[in-house]
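What follows is the content of upload-v8.cif, which has mmCIF, C-alpha atoms and all ligand atoms:
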data_entry
#
loop_
_atom_site.label_atom_id
_atom_site.label_comp_id
_atom_site.auth_asym_id
_atom_site.auth_seq_id
_atom_site.Cartn_x
_atom_site.Cartn_y
_atom_site.Cartn_z
CA MET U 1 10.22 18.25 82.01
CA SER U 2 7.88 15.22 82.03
CA ASP U 3 6.73 13.25 79.01
CA PHE U 4 3.39 15.02 79.29
CA ASP U 5 4.93 18.47 79.10
CA GLN U 6 6.74 17.51 75.94
CA ALA U 7 4.07 15.48 74.20
CA ALA U 8 0.57 16.33 75.39
CA ALA U 9 -0.91 19.54 76.77
CA VAL U 10 -3.17 17.59 79.14
CA PRO U 11 -2.06 14.41 81.01
CA PRO U 12 -3.69 11.14 79.87
CA GLU U 13 -5.99 8.96 81.98
CA ALA U 14 -3.76 5.90 81.62
CA VAL U 15 -0.61 4.64 79.93
CA HIS U 16 -0.21 0.86 79.45
CA MET U 17 3.22 -0.35 78.43
CA LEU U 18 3.15 -3.59 76.38
CA SER U 19 5.80 -6.27 76.36
CA ASP U 20 5.55 -9.80 75.01
CA PRO U 21 9.07 -11.20 74.42
CA ASP U 22 7.70 -14.38 72.77
CA SER U 23 6.20 -12.45 69.84
CA GLY U 24 8.57 -9.46 69.93
CA LEU U 25 5.77 -7.05 70.91
CA GLU U 26 7.02 -3.85 72.51
CA GLY U 27 4.51 -1.06 72.58
CA VAL U 28 2.26 1.29 74.48
CA ILE U 29 -1.45 2.03 74.63
CA VAL U 30 -2.37 5.52 75.83
CA LEU U 31 -5.91 6.26 76.97
CA HIS U 32 -5.99 10.03 76.80
CA SER U 33 -9.67 10.29 77.71
CA THR U 34 -12.65 7.95 78.07
CA ARG U 35 -15.12 10.63 79.13
CA LEU U 36 -17.04 10.66 75.85
CA GLY U 37 -16.79 6.89 75.30
CA PRO U 38 -14.15 4.20 74.75
CA ALA U 39 -10.79 5.69 73.81
CA ALA U 40 -10.55 5.11 70.06
CA GLY U 41 -7.51 5.60 67.87
CA GLY U 42 -5.45 3.52 65.48
CA CYS U 43 -2.37 1.42 66.08
CA ARG U 44 0.87 2.81 64.67
CA PHE U 45 3.68 0.39 63.81
CA TRP U 46 6.85 2.39 63.44
CA THR U 47 10.60 2.45 63.98
CA TYR U 48 11.64 4.46 67.05
CA PRO U 49 15.13 5.02 68.43
CA GLY U 50 13.95 3.97 71.89
CA PRO U 51 10.92 3.43 74.19
CA GLN U 52 10.85 7.07 75.29
CA GLU U 53 10.34 8.32 71.73
CA MET U 54 7.66 5.67 71.16
CA ARG U 55 5.85 6.71 74.34
CA ARG U 56 6.03 10.41 73.50
CA ASP U 57 4.56 9.81 70.05
CA ALA U 58 1.70 7.80 71.58
CA LEU U 59 0.95 10.52 74.16
CA ARG U 60 0.77 13.21 71.50
CA LEU U 61 -1.30 11.12 69.09
CA ALA U 62 -3.75 9.98 71.77
CA GLU U 63 -4.48 13.57 72.79
CA GLY U 64 -5.05 14.44 69.12
CA MET U 65 -7.53 11.56 68.79
CA ALA U 66 -9.46 12.72 71.87
CA TYR U 67 -9.89 16.16 70.29
CA LYS U 68 -10.69 14.77 66.85
CA ASN U 69 -13.38 12.43 68.19
CA ALA U 70 -14.89 15.14 70.41
CA MET U 71 -15.04 17.64 67.54
CA ALA U 72 -16.62 15.06 65.23
CA ASP U 73 -19.42 14.60 67.79
CA LEU U 74 -18.59 10.91 68.17
CA PRO U 75 -19.41 8.93 71.32
CA LEU U 76 -15.72 8.12 71.63
CA GLY U 77 -12.85 9.19 73.80
CA GLY U 78 -9.33 9.32 72.44
CA GLY U 79 -6.44 6.90 72.59
CA LYS U 80 -3.64 5.46 70.55
CA ALA U 81 -1.48 2.38 70.39
CA VAL U 82 2.09 2.51 69.19
CA ILE U 83 4.17 -0.60 68.50
CA ARG U 84 7.91 -0.33 68.04
CA ALA U 85 8.96 -2.28 64.94
CA PRO U 86 11.27 -5.11 66.09
CA GLU U 87 14.83 -4.84 64.84
CA GLY U 88 15.24 -8.53 63.94
CA GLY U 89 12.92 -10.97 62.18
CA PHE U 90 9.47 -11.58 63.67
CA ASP U 91 6.15 -13.26 62.91
CA ARG U 92 3.78 -10.40 62.12
CA ALA U 93 0.52 -12.30 62.70
CA ARG U 94 1.84 -13.53 66.08
CA LEU U 95 2.88 -10.02 67.11
CA PHE U 96 -0.52 -8.55 66.24
CA ALA U 97 -2.30 -11.43 68.00
CA ALA U 98 -0.30 -10.54 71.14
CA PHE U 99 -1.29 -6.91 70.66
CA GLY U 100 -4.94 -8.04 70.35
CA ARG U 101 -4.68 -9.80 73.72
CA ALA U 102 -3.32 -6.60 75.25
CA VAL U 103 -6.25 -4.62 73.79
CA ASP U 104 -8.67 -7.21 75.14
CA ARG U 105 -7.26 -6.91 78.67
CA LEU U 106 -8.42 -3.28 78.64
CA ARG U 107 -12.04 -4.53 78.42
CA GLY U 108 -13.23 -2.14 75.76
CA THR U 109 -11.84 1.05 77.25
CA TYR U 110 -9.61 1.18 74.14
CA VAL U 111 -10.72 0.47 70.55
CA THR U 112 -8.02 -0.01 67.96
CA ALA U 113 -7.86 0.22 64.14
CA GLU U 114 -5.25 0.83 61.41
CA ASP U 115 -2.80 3.70 61.39
CA ALA U 116 0.54 4.37 59.74
CA GLY U 117 2.37 1.06 59.27
CA THR U 118 -0.65 -1.21 59.89
CA GLY U 119 -3.37 -2.55 57.61
CA VAL U 120 -6.51 -4.68 57.35
CA THR U 121 -4.52 -7.95 57.62
CA ASP U 122 -3.00 -6.81 60.93
CA MET U 123 -6.41 -5.85 62.30
CA GLN U 124 -7.71 -9.26 61.26
CA ALA U 125 -4.94 -10.83 63.38
CA VAL U 126 -5.97 -8.52 66.25
CA SER U 127 -9.64 -9.51 65.85
CA GLY U 128 -8.76 -13.12 66.69
CA ALA U 129 -8.06 -11.96 70.24
CA THR U 130 -10.49 -9.10 70.83
CA ARG U 131 -13.72 -7.62 69.54
CA HIS U 132 -12.51 -4.09 70.33
CA VAL U 133 -11.10 -3.53 66.86
CA ALA U 134 -12.32 -1.83 63.67
CA GLY U 135 -10.82 -1.31 60.23
CA LEU U 136 -11.69 -4.85 59.15
CA ALA U 137 -12.86 -5.61 55.62
CA ALA U 138 -16.34 -4.17 54.90
CA SER U 139 -19.18 -6.65 54.46
CA GLU U 140 -22.74 -6.50 53.07
CA GLY U 141 -22.81 -2.74 52.55
CA ARG U 142 -21.91 -2.09 56.19
CA PRO U 143 -19.28 0.52 57.15
CA GLY U 144 -15.73 -0.82 57.23
CA GLY U 145 -12.73 -1.20 54.98
CA ASP U 146 -10.61 1.65 53.67
CA PRO U 147 -11.79 4.89 55.33
CA SER U 148 -9.81 7.18 52.98
CA PRO U 149 -12.66 8.11 50.59
CA TRP U 150 -14.62 9.43 53.58
CA THR U 151 -11.61 11.39 54.79
CA ALA U 152 -11.20 12.89 51.32
CA LEU U 153 -14.90 13.86 51.17
CA GLY U 154 -14.70 15.60 54.56
CA VAL U 155 -11.59 17.54 53.53
CA PHE U 156 -13.27 18.54 50.26
CA LEU U 157 -16.41 19.83 52.02
CA ALA U 158 -14.28 21.71 54.57
CA MET U 159 -12.31 23.28 51.72
CA GLN U 160 -15.56 24.49 50.14
CA GLU U 161 -16.49 26.18 53.42
CA ALA U 162 -13.02 27.70 53.82
CA ALA U 163 -13.09 29.07 50.24
CA ARG U 164 -16.53 30.56 50.78
CA ARG U 165 -15.42 32.35 53.94
CA LYS U 166 -11.96 33.44 52.90
CA LEU U 167 -12.36 34.09 49.17
CA GLY U 168 -16.13 34.43 48.78
CA THR U 169 -16.23 31.75 46.06
CA GLY U 170 -16.72 28.06 45.40
CA LEU U 171 -13.82 25.84 44.37
CA ASP U 172 -14.55 26.20 40.65
CA GLY U 173 -11.57 27.96 39.06
CA LEU U 174 -9.43 27.98 42.22
CA THR U 175 -5.97 26.41 42.19
CA VAL U 176 -5.35 23.74 44.82
CA ALA U 177 -1.87 22.35 45.54
CA VAL U 178 -2.16 18.77 46.82
CA GLN U 179 0.88 17.36 48.64
CA GLY U 180 0.81 13.56 48.53
CA LEU U 181 -1.21 11.34 46.20
CA GLY U 182 -1.80 8.38 48.48
CA HIS U 183 -5.19 7.05 49.51
CA VAL U 184 -6.64 10.42 50.56
CA GLY U 185 -4.75 12.76 48.20
CA SER U 186 -5.80 10.84 45.08
CA ALA U 187 -9.46 10.69 46.12
CA LEU U 188 -9.37 14.41 46.96
CA CYS U 189 -7.97 15.23 43.50
CA ALA U 190 -10.91 13.42 41.88
CA LEU U 191 -13.42 15.49 43.90
CA LEU U 192 -11.57 18.76 43.23
CA HIS U 193 -11.33 18.08 39.50
CA GLU U 194 -15.03 17.35 39.37
CA ALA U 195 -15.71 20.65 41.18
CA GLY U 196 -13.72 22.57 38.54
CA ALA U 197 -10.57 23.30 40.57
CA ARG U 198 -7.15 23.48 38.90
CA LEU U 199 -4.62 21.13 40.45
CA ILE U 200 -0.92 21.24 41.27
CA VAL U 201 0.30 17.95 42.75
CA SER U 202 3.46 16.53 44.26
CA GLU U 203 4.25 12.91 44.98
CA PRO U 204 7.61 11.11 45.19
CA ARG U 205 6.20 8.10 43.28
CA SER U 206 6.56 9.62 39.81
CA ASP U 207 4.29 7.06 38.10
CA VAL U 208 1.44 7.98 40.46
CA ALA U 209 2.03 11.72 39.92
CA ALA U 210 2.05 11.20 36.14
CA HIS U 211 -1.20 9.22 36.30
CA VAL U 212 -3.02 11.94 38.27
CA ALA U 213 -1.57 14.70 36.06
CA CYS U 214 -2.81 12.93 32.96
CA ARG U 215 -6.23 12.10 34.39
CA TYR U 216 -7.05 15.51 35.86
CA GLY U 217 -4.83 17.84 33.84
CA ALA U 218 -2.78 18.60 36.98
CA MET U 219 0.60 20.32 37.01
CA ILE U 220 3.34 18.36 38.78
CA SER U 221 5.50 20.16 41.33
CA HIS U 222 8.74 18.87 42.80
CA PRO U 223 7.98 17.55 46.33
CA GLN U 224 10.33 20.13 47.84
CA MET U 225 8.58 23.04 46.04
CA ILE U 226 4.87 22.31 46.60
CA VAL U 227 4.58 24.41 49.78
CA GLU U 228 5.58 27.50 47.82
CA ALA U 229 3.41 26.76 44.75
CA LYS U 230 1.32 29.70 43.53
CA CYS U 231 -2.16 28.54 44.51
CA ASP U 232 -5.29 29.49 46.45
CA VAL U 233 -5.38 26.41 48.67
CA PHE U 234 -2.58 24.23 50.00
CA ALA U 235 -3.81 20.71 50.83
CA PRO U 236 -1.21 18.71 52.80
CA CYS U 237 -2.07 15.01 52.41
CA ALA U 238 1.29 13.38 53.13
CA LEU U 239 3.35 14.20 56.20
CA GLY U 240 3.05 15.96 59.54
CA ALA U 241 4.94 19.14 60.54
CA VAL U 242 5.10 20.51 56.98
CA LEU U 243 4.10 23.96 58.23
CA ASN U 244 6.92 25.33 60.34
CA ALA U 245 9.00 28.46 60.87
CA ARG U 246 10.95 27.78 57.66
CA SER U 247 8.09 26.83 55.32
CA ILE U 248 5.36 29.28 56.41
CA PRO U 249 7.09 32.43 55.07
CA LYS U 250 7.23 30.74 51.64
CA LEU U 251 3.56 29.73 51.56
CA ARG U 252 1.56 31.53 48.86
CA ALA U 253 -1.86 29.98 49.50
CA ALA U 254 -4.70 31.87 51.21
CA ILE U 255 -6.06 28.66 52.76
CA VAL U 256 -4.52 25.50 54.24
CA CYS U 257 -6.91 22.56 54.32
CA GLY U 258 -5.74 18.96 54.04
CA ALA U 259 -5.83 15.48 55.53
CA ALA U 260 -2.37 15.15 57.07
CA ASN U 261 -2.31 14.82 60.85
CA ASN U 262 -0.25 17.23 62.96
CA VAL U 263 0.44 19.46 60.00
CA LEU U 264 1.62 22.29 62.26
CA ALA U 265 5.11 21.67 63.66
CA SER U 266 4.13 23.66 66.77
CA GLU U 267 1.25 25.72 68.18
CA GLU U 268 3.19 28.87 67.28
CA ASP U 269 3.08 27.86 63.63
CA GLY U 270 -0.71 28.10 63.71
CA ASP U 271 -0.32 31.65 65.06
CA ARG U 272 2.19 32.42 62.30
CA LEU U 273 -0.37 31.38 59.67
CA ALA U 274 -3.04 33.58 61.29
CA GLU U 275 -0.63 36.53 61.44
CA ARG U 276 0.02 36.12 57.71
CA GLY U 277 -3.73 36.12 57.03
CA VAL U 278 -3.81 32.46 55.96
CA LEU U 279 -6.98 30.60 56.90
CA TYR U 280 -5.89 27.34 58.53
CA ALA U 281 -8.61 24.67 58.68
CA PRO U 282 -7.51 22.59 61.72
CA ASP U 283 -6.35 19.14 60.61
CA TYR U 284 -8.33 17.04 63.07
CA VAL U 285 -11.54 18.98 62.41
CA VAL U 286 -11.43 18.39 58.65
CA ASN U 287 -9.89 14.88 58.46
CA ALA U 288 -12.37 13.07 60.75
CA GLY U 289 -14.17 11.21 57.92
CA GLY U 290 -12.02 8.13 58.48
CA ILE U 291 -12.68 7.88 62.21
CA ILE U 292 -16.39 8.45 61.60
CA ASN U 293 -16.34 5.36 59.36
CA VAL U 294 -14.34 3.41 61.97
CA CYS U 295 -16.76 4.45 64.71
CA ALA U 296 -19.73 3.35 62.59
CA GLU U 297 -18.10 -0.03 62.01
CA TYR U 298 -17.46 -0.55 65.71
CA LEU U 299 -20.86 0.65 66.91
CA GLY U 300 -22.87 -0.92 64.07
CA TRP U 301 -24.12 2.30 62.48
CA SER U 302 -25.35 2.37 58.87
CA GLN U 303 -23.54 3.67 55.82
CA GLU U 304 -26.15 6.47 55.63
CA GLU U 305 -25.22 7.58 59.13
CA VAL U 306 -21.57 7.78 58.06
CA GLU U 307 -22.48 9.89 55.03
CA THR U 308 -24.68 12.28 57.04
CA ARG U 309 -21.95 12.83 59.62
CA VAL U 310 -19.15 13.27 57.08
CA ARG U 311 -21.34 15.74 55.16
CA SER U 312 -21.45 17.92 58.30
CA THR U 313 -17.68 18.51 58.17
CA GLY U 314 -18.09 21.96 56.58
CA ASP U 315 -20.53 22.97 59.33
CA ARG U 316 -18.15 21.74 62.03
CA LEU U 317 -15.34 23.79 60.50
CA ALA U 318 -17.65 26.81 60.33
CA ALA U 319 -18.37 26.46 64.07
CA VAL U 320 -14.64 26.43 64.85
CA LEU U 321 -13.94 29.44 62.63
CA ASP U 322 -16.87 31.34 64.20
CA HIS U 323 -15.47 30.59 67.66
CA ALA U 324 -12.01 31.73 66.54
CA GLU U 325 -13.44 35.03 65.29
CA ARG U 326 -15.52 35.62 68.40
CA SER U 327 -12.61 34.92 70.73
CA ALA U 328 -10.02 36.68 68.53
CA THR U 329 -7.84 33.61 68.45
CA ALA U 330 -6.33 31.42 65.73
CA PRO U 331 -8.47 28.47 64.46
CA HIS U 332 -6.16 25.75 65.84
CA ARG U 333 -6.42 27.25 69.32
CA ALA U 334 -10.20 27.67 68.95
CA ALA U 335 -10.53 23.98 67.97
CA ASP U 336 -8.46 22.81 70.96
CA ALA U 337 -10.50 25.02 73.31
CA LEU U 338 -13.83 23.71 71.99
CA ALA U 339 -12.64 20.08 72.14
CA ARG U 340 -11.40 20.44 75.74
CA ARG U 341 -14.65 22.13 76.70
CA ARG U 342 -16.70 19.26 75.22
CA ILE U 343 -14.64 16.63 77.01
CA ALA U 344 -14.70 18.51 80.32
CA ALA U 345 -18.50 18.93 80.13
CA VAL U 346 -19.02 15.18 80.59
CA HIS U 347 -18.77 13.55 84.00
CA PRO U 348 -15.61 11.38 84.18
CA ARG U 349 -17.50 8.16 84.75
CA ALA U 350 -20.49 8.82 82.49
CA HIS U 351 -19.09 6.75 79.61
CA SER U 352 -16.07 5.05 81.07
CA ARG U 353 -17.30 1.52 80.30
CA ALA U 354 -17.09 -0.29 77.00
CA ALA U 355 -19.73 0.31 74.35
P1 LIG K 1 -0.79 7.31 52.20
O1 LIG K 1 0.39 6.69 52.83
O2 LIG K 1 -1.71 6.48 51.37
O3 LIG K 1 -0.35 8.56 51.29
C1 LIG K 1 0.68 9.44 51.60
C2 LIG K 1 1.33 9.81 50.27
O4 LIG K 1 2.25 10.86 50.49
C3 LIG K 1 2.10 8.65 49.62
O5 LIG K 1 1.66 8.49 48.29
C4 LIG K 1 3.55 9.11 49.71
O6 LIG K 1 4.33 8.63 48.63
C5 LIG K 1 3.37 10.62 49.67
N1 LIG K 1 4.51 11.38 50.17
C6 LIG K 1 5.44 11.00 51.07
N2 LIG K 1 6.33 11.99 51.25
C7 LIG K 1 5.95 13.01 50.46
C8 LIG K 1 6.46 14.30 50.21
N3 LIG K 1 7.57 14.76 50.81
N4 LIG K 1 5.81 15.10 49.32
C9 LIG K 1 4.70 14.66 48.70
N5 LIG K 1 4.17 13.45 48.90
C10 LIG K 1 4.79 12.63 49.77
O7 LIG K 1 -1.60 8.02 53.38
P2 LIG K 1 -3.12 8.49 53.36
O8 LIG K 1 -3.95 7.42 53.95
O9 LIG K 1 -3.45 9.06 52.02
O10 LIG K 1 -3.06 9.67 54.44
C11 LIG K 1 -2.45 10.91 54.12
C12 LIG K 1 -2.32 11.75 55.39
O11 LIG K 1 -3.62 11.95 55.95
C13 LIG K 1 -1.50 11.09 56.50
O12 LIG K 1 -0.84 12.12 57.21
C14 LIG K 1 -2.54 10.44 57.38
O13 LIG K 1 -2.10 10.32 58.72
C15 LIG K 1 -3.67 11.45 57.29
N6 LIG K 1 -4.99 10.88 57.52
C16 LIG K 1 -5.44 9.85 56.76
C17 LIG K 1 -6.70 9.32 56.99
C18 LIG K 1 -7.24 8.20 56.15
O14 LIG K 1 -8.46 7.94 56.19
N7 LIG K 1 -6.42 7.52 55.36
C19 LIG K 1 -7.52 9.86 58.01
C20 LIG K 1 -7.04 10.93 58.76
C21 LIG K 1 -5.77 11.43 58.51
#

Would you give me this structure, written as structure tokens?
Amino acid sequence: MSDFDQAAAVPPEAVHMLSDPDSGLEGVIVLHSTRLGPAAGGCRFWTYPGPQEMRRDALRLAEGMAYKNAMADLPLGGGKAVIRAPEGGFDRARLFAAFGRAVDRLRGTYVTAEDAGTGVTDMQAVSGATRHVAGLAASEGRPGGDPSPWTALGVFLAMQEAARRKLGTGLDGLTVAVQGLGHVGSALCALLHEAGARLIVSEPRSDVAAHVACRYGAMISHPQMIVEAKCDVFAPCALGAVLNARSIPKLRAAIVCGAANNVLASEEDGDRLAERGVLYAPDYVVNAGGIINVCAEYLGWSQEEVETRVRSTGDRLAAVLDHAERSATAPHRAADALARRRIAAVHPRAHSRAA
């Protein structure tokens, strides 16, 4: 079985291995697709047992970004960079400067930004070597900075659409279980509270959980119990693969709609949810607010453009759910099919140069 069979359903356009012994950089940039525009996707800095695991993660994440960007109607292809955290000491700014040079050598076919394990300071180090980077500090009311509030808004609007379709109601009076109170989860709780939803939350940082409980009258659940909380909506905003063969039978929610990437452990888990009558709002369809903000920063769009596009998240989810119904398939498969169709509809070289 090749890496592609294990990690991505469709082979990528290019895989660039990175090595710079002077700075300790060991990584990979995967360009899954540049058909819709430069391959955009953040840079993950993570600990991996070996280069194969790092490469597999990048292949899987890059394909996900291609589908996310296509479904968000962005003029971007999909890619991802993954850097393996060095085992010994290293100079972080030097390492990210070396990464920036690697990004620059790709001449704008790849655009990077933050992801798990990287932040604004790292992207600033990258920006010293290339202009093909976003996720820098916002300036003068222009898009930029922390994209999480936009991600939270998109998830919230998608949840409204899901509740309308599945339960025939708004969010007022519904119970939403939010897993993870980080950047997105906390902002989502604020929106849900304002909309009149009741909240159950889980978060390993007990001070953060207590703060949200106090502020929004939320109930706190033990992190290991939140999946089986009695609620209408389960909103995963922490980890991937939380919905799997073991957890799905315990789920009591009618809807799953959250920010976490790769929330299904496998394709079959999406089918399991559909078989149980749970409406699953595909992760990359509902959590695209952040990449919309990143795209706007890179392409120089206005803040108003970001808001208009994020506010269409509910409509984009509706289109996926309509397609799922028409084709008698589960929503995650409908989303993948629509994304692949959009990418395939564009001539390979139509947008293969840098923006
Ligand atoms: P974050 O790191 O700020 O928050 C994650 C939170 O989850 C942390 O507070 C952490 O303590 C908590 N957590 C960890 N393990 C947990 C567990 N077992 N149970 C409950 N909580 C747990 O990350 P974020 O930026 O809020 O992103 C949340 C998720 O959404 C991630 O999967 C991320 O990849 C995805 N996402 C984020 C954005 C964005 O704009 N930030 C965009 C798209 C997707």

Enumerate as an mmCIF file with C-alpha atoms, in the frame of the given file the residues within 6 Å of ligand LIG 1 (chain K), counting all atoms listed in the file.
data_model
loop_
_atom_site.group_PDB
_atom_site.id
_atom_site.type_symbol
_atom_site.label_atom_id
_atom_site.label_comp_id
_atom_site.auth_asym_id
_atom_site.auth_seq_id
_atom_site.Cartn_x
_atom_site.Cartn_y
_atom_site.Cartn_z
ATOM 1 C CA PRO U 147 -11.790 4.890 55.330
ATOM 2 C CA SER U 148 -9.810 7.180 52.980
ATOM 3 C CA THR U 151 -11.610 11.390 54.790
ATOM 4 C CA GLN U 179 0.880 17.360 48.640
ATOM 5 C CA GLY U 180 0.810 13.560 48.530
ATOM 6 C CA LEU U 181 -1.210 11.340 46.200
ATOM 7 C CA GLY U 182 -1.800 8.380 48.480
ATOM 8 C CA HIS U 183 -5.190 7.050 49.510
ATOM 9 C CA VAL U 184 -6.640 10.420 50.560
ATOM 10 C CA GLY U 185 -4.750 12.760 48.200
ATOM 11 C CA SER U 202 3.460 16.530 44.260
ATOM 12 C CA GLU U 203 4.250 12.910 44.980
ATOM 13 C CA PRO U 204 7.610 11.110 45.190
ATOM 14 C CA ARG U 205 6.200 8.100 43.280
ATOM 15 C CA PRO U 223 7.980 17.550 46.330
ATOM 16 C CA CYS U 237 -2.070 15.010 52.410
ATOM 17 C CA ALA U 238 1.290 13.380 53.130
ATOM 18 C CA LEU U 239 3.350 14.200 56.200
ATOM 19 C CA GLY U 240 3.050 15.960 59.540
ATOM 20 C CA ALA U 259 -5.830 15.480 55.530
ATOM 21 C CA ALA U 260 -2.370 15.150 57.070
ATOM 22 C CA ASN U 261 -2.310 14.820 60.850
ATOM 23 C CA ASN U 287 -9.890 14.880 58.460
ATOM 24 C CA GLY U 290 -12.020 8.130 58.480
#

Task: Nearby residues (all atoms listed in the file) at most 10 Å from Leu136 in chain U, same-chain spacing under 5 positions excluded, as a list in words - done: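 The contact residues come out as Ala113, Glu114, Gly119, Val120, Thr121, Asp122, Met123, Gln124, Ala125, Val126, Ser127, Pro143, Gly144, Gly145, Asp146, Val294, Glu297 and Tyr298 of chain U.
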
Open item on the list: To one decimal place in Å, what is the distance between CA of Met65 in chain U and CA of Pro331 in chain U?
Closed with: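 Atom-to-atom, CA of Met65 in chain U to CA of Pro331 in chain U, that is 17.5 Å.
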
Can you build me a table of range 233-294 of chain U residues sitting at most 10 Å from range 334-348 of chain U, with the closest atom pair per residue and its distance in Å to one decimal, using only C-alpha atoms, sorted by chain and residue number, as a Markdown table?
| residue | atom | partner | partner_atom | distance |
| --- | --- | --- | --- | --- |
| U:Ala281 | CA | U:Ala335 | CA | 9.5 |
| U:Pro282 | CA | U:Ala335 | CA | 7.1 |
| U:Asp283 | CA | U:Ala335 | CA | 9.8 |
| U:Tyr284 | CA | U:Ala335 | CA | 8.8 |
| U:Val285 | CA | U:Ala335 | CA | 7.5 |

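Between CA of Cys189 in chain U and CA of His211 in chain U there is a distance of 11.6 Å.
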
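Near range 162-167 of chain U, within 10 Å and counting all atoms listed in the file, sit Phe156, Leu157, Ala158, Met159, Gly170, Leu171, Leu174, Asp232, Val233, Ala254, Ile255, Val256, Cys257, Gly277, Val278, Leu279, Tyr280, Ala281, Gly314, Leu317, Ala318 and Leu321 of chain U; same-chain residues fewer than 3 positions away were not included.
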
Task: Nearest to Pro149 in chain U, chosen from U:Ser312, U:Thr175, U:Ser33, U:Ser186, with only C-alpha atoms counted in the distances - done: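 Checking each candidate against Pro149 in chain U, we get U:Ser186 as the closest.
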
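For the pair CA of Val310 in chain U and CA of Ala138 in chain U, the interatomic distance is 17.8 Å.
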
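Take the candidates U:Gly173, U:Pro21, U:Arg94, U:His16 and check each one against Ala58 in chain U using all atoms listed in the file; the shortest distance goes to U:His16.
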
Open item on the list: Measuring between only C-alpha atoms, which one of U:Ala241, U:Thr329, U:Gly24, U:Gln160 shows the shortest distance to Gly88 in chain U?
Closed with: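 Between U:Ala241, U:Thr329, U:Gly24, U:Gln160, the residue approaching Gly88 in chain U most closely is U:Gly24.
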
TODO: Using all atoms listed in the file, find the one residue out of U:Ser221, U:Ser206, U:Thr112, U:Asn293 that sits nearest to Ala81 in chain U.
DONE: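 Counting all atoms listed in the file, the residue closest to Ala81 in chain U is U:Thr112.
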
TODO: Would you kindly return, as a list of chain:residue names, each protein, DNA or RNA residue with an atom no farther than 12 Å from any atom of Gly50 in chain U, considering only C-alpha atoms and excluding same-chain residues fewer than 5 positions away?
DONE: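 Non-adjacent residues within range: U:Glu26, U:Gly27, U:Arg55, U:Arg56, U:Asp57, U:Ile83, U:Arg84, U:Ala85, U:Pro86, U:Glu87.
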
Can you tell me, as JSON, the centre and edge lengths (Å, one decimal) of the axis-aligned box enclosing all of range 243-257 of chain U's listed atoms after padding each side by 6 Å?
{"center_x": 2.0, "center_y": 27.5, "center_z": 54.9, "size_x": 29.9, "size_y": 21.9, "size_z": 24.0}

TODO: Have a look at U:Leu273, U:Leu59, U:Val82, U:Ile29 and name the one nearest to Pro12 in chain U; count all atoms listed in the file.
DONE: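 Selected residue with least distance to Pro12 in chain U: U:Leu59.
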
Open item on the list: Restricting the calculation to all atoms listed in the file: of U:Leu153, U:Cys295, U:Ala324, U:Leu25, which residue gets closest to Val111 in chain U?
Closed with: U:Cys295

Could you extract range 228-236 of chain U of the given structure into a file holding N, CA, C and O atoms, as a short mmCIF file (atom, residue, chain, number, x, y, z; two decimals), in the first residue's frame?
data_model
loop_
_atom_site.label_atom_id
_atom_site.label_comp_id
_atom_site.auth_asym_id
_atom_site.auth_seq_id
_atom_site.Cartn_x
_atom_site.Cartn_y
_atom_site.Cartn_z
N GLU U 228 -21.10 11.59 25.27
CA GLU U 228 -22.39 10.95 25.60
C GLU U 228 -23.33 11.85 26.39
O GLU U 228 -24.32 11.40 26.97
N ALA U 229 -23.04 13.16 26.42
CA ALA U 229 -23.91 14.10 27.15
C ALA U 229 -25.29 14.14 26.49
O ALA U 229 -25.42 14.01 25.27
N LYS U 230 -26.32 14.31 27.31
CA LYS U 230 -27.69 14.40 26.78
C LYS U 230 -27.87 15.81 26.20
O LYS U 230 -27.93 16.79 26.95
N CYS U 231 -27.89 15.90 24.90
CA CYS U 231 -27.93 17.23 24.26
C CYS U 231 -28.57 17.09 22.88
O CYS U 231 -28.79 15.98 22.39
N ASP U 232 -28.85 18.23 22.26
CA ASP U 232 -29.38 18.23 20.89
C ASP U 232 -28.25 18.27 19.86
O ASP U 232 -28.34 17.69 18.79
N VAL U 233 -27.20 19.04 20.22
CA VAL U 233 -26.09 19.22 19.28
C VAL U 233 -24.77 18.93 19.99
O VAL U 233 -24.55 19.41 21.10
N PHE U 234 -23.91 18.15 19.33
CA PHE U 234 -22.56 17.94 19.83
C PHE U 234 -21.62 18.76 18.96
O PHE U 234 -21.63 18.63 17.73
N ALA U 235 -20.84 19.64 19.60
CA ALA U 235 -19.94 20.53 18.86
C ALA U 235 -18.48 20.23 19.22
O ALA U 235 -17.95 20.78 20.19
N PRO U 236 -17.83 19.34 18.46
CA PRO U 236 -16.41 19.05 18.75
C PRO U 236 -15.52 20.21 18.34
O PRO U 236 -15.48 20.58 17.16
#
